[in-house]
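*Asks:* Quick one: this structure, given as structure tokens, is what I'll be asking you about.
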Amino acid sequence: MEAGEAELNDAWVALEPGADPAGRITALRRAHEAYLTAGRLEHSVRSVVAESWRRSARARVCPESAPGVELDGDALTAYREEHPLARVMPLVRELTGAYASDGEHLVAVCDAQGRLLWVEGPPATRDRAGLMNFVPGARWAETVAGTNAPGTAITVDRPVQVFAAEHFLRPVQPWTCAAAPIHDPVSGRVLGAVDITGGDRLAHPHSLAFVGAVARAAESQLQLLGPRPDPDSLQLCALGRDEALLVTGGRKIRLSRRHSEILVLLAHRPEGIGGGELLIELYEDEAVTPVTLRAELHRLRALLAPGLLGSRPYRLAGRVDADFGTVARRLASGTVTGALSAYAGPLLPASQAPGVVRLRRRLTDQLRAALVSRGDPGLLADWAYSPWGEDDLPVWRALASVLPGAQRP
């Protein structure tokens, strides 16, 4: 076994200190070619890269292509200004200034869909990166750009290095990058990622640790910049979760499944709901008695601030900011991209409560219809290659209809 082909001890580190970069690049190019021509994965490919190559192949990413630019001009400016990560860009610039000014590296920040919002660094390096469309507004999600640090970091939700020929796209293989996801400090939802792109020197454990530290600092800054907790407000995160997360008065509470269902139904009906109707919305078994419901509500009331859960009818007295409500509002205003970015998955996917099942289906159907109507291949691919969209035939058909023949799934 050659030195460049030695199996790495840490699957998340692209190149261990002391390793031969040239030998590693040679081994990776051979492995990349073997995978593209014969579907064979060699032992020299790290597990995180092998899994990403498989996802890239399933998405029919063309290894000779370049990502497309989805936002530019006024549309890009407006989107950046409204994005939550705009508030932490001064901190990101301060922490990464040495990389962005050394003449070799770029610092980039993308959103949760892999769209690059900021790409900063020396003009000559930006010009070289522009040849592969590593520019603001371009979409670098795995589903369209294959294996790359920002797109893969978002997909696996952890810091990632991608070295040279580990990139799925051949035009990107002269570069090395390291990226880490940035999360909403309240809901935990991925907001985007911070990335450093440059030469082979980035293939070092220090760069992986560094971007992770920058991401954590950005999350802490978002926490500090957030509004002071309102003791009468509720933030409810129920998309993509079997058990909802409730934030109230600065406290984070992971709810039981039944309490999750109750709060989702009450958030959907701010005017309140009677006990008999709530019983029907919650329980498939018609034999469940009102006593059972009252016991659940009593336990839920103990978790909330005093006075937040009213009765006759049952209702939430404070302002409720629910993630599924955000998706519905954005759809109603025609902001399909914003709606998909806020959609973290089906509403309480394991719930069989009749009222929740109806809400879940309605929101999914509305978002699917909006995506199909829009016909944007990037948005359709995000849905089709998500865990909840992999068996969604209407979306796959819509995606196939808008892709060039060679890229059709």
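Labeling convention for the structure tokens: chains A, B, ... as they appear, residues from 1 per chain, ligands from 1 in order of appearance.
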Can you tell me, as an MDAnalysis selection string, what residues are no more than 12 Å from Gln173 of chain A when counting only C-alpha atoms, ignoring any on the same chain fewer than 6 positions away?

*Replies:* chainID A and resid 25:26 28:29 32 63:64 66 129 132 146:149 162:167 197:200

*Asks:* What's around Val356 of chain A at 8 Å? Count only C-alpha atoms, leave out sequence neighbours fewer than 5 positions away in its own chain, and write the answer as a ChimeraX atom specification.

*Replies:* /A:261,264-265,281-282,347-348,351

*Asks:* Between A:Ser65, A:Ser207, A:Gln223, A:Ser56, which one has atoms that come closest to Thr152 of chain A, using only C-alpha atoms?

*Replies:* A:Ser56

*Asks:* Run DSSP on the backbone of this structure and report the residues of segment 42-259 of chain A it assigns to strand (DSSP E or B), as a ChimeraX atom specification.

*Replies:* /A:69,106-111,115-120,138-139,160-163,176-183,190-198,234-237,239,245-248,251-254

*Asks:* Could you list, as a count of residues only, every residue within 12 Å of Ala381 of chain A, counting only C-alpha atoms and ignoring same-chain residues fewer than 6 positions away?

*Replies:* 34

*Asks:* Would you mind telling me which residue in A:Arg115, A:Arg189, A:His268, A:Arg294 lies nearest to Gly355 of chain A when using only C-alpha atoms?

*Replies:* A:His268
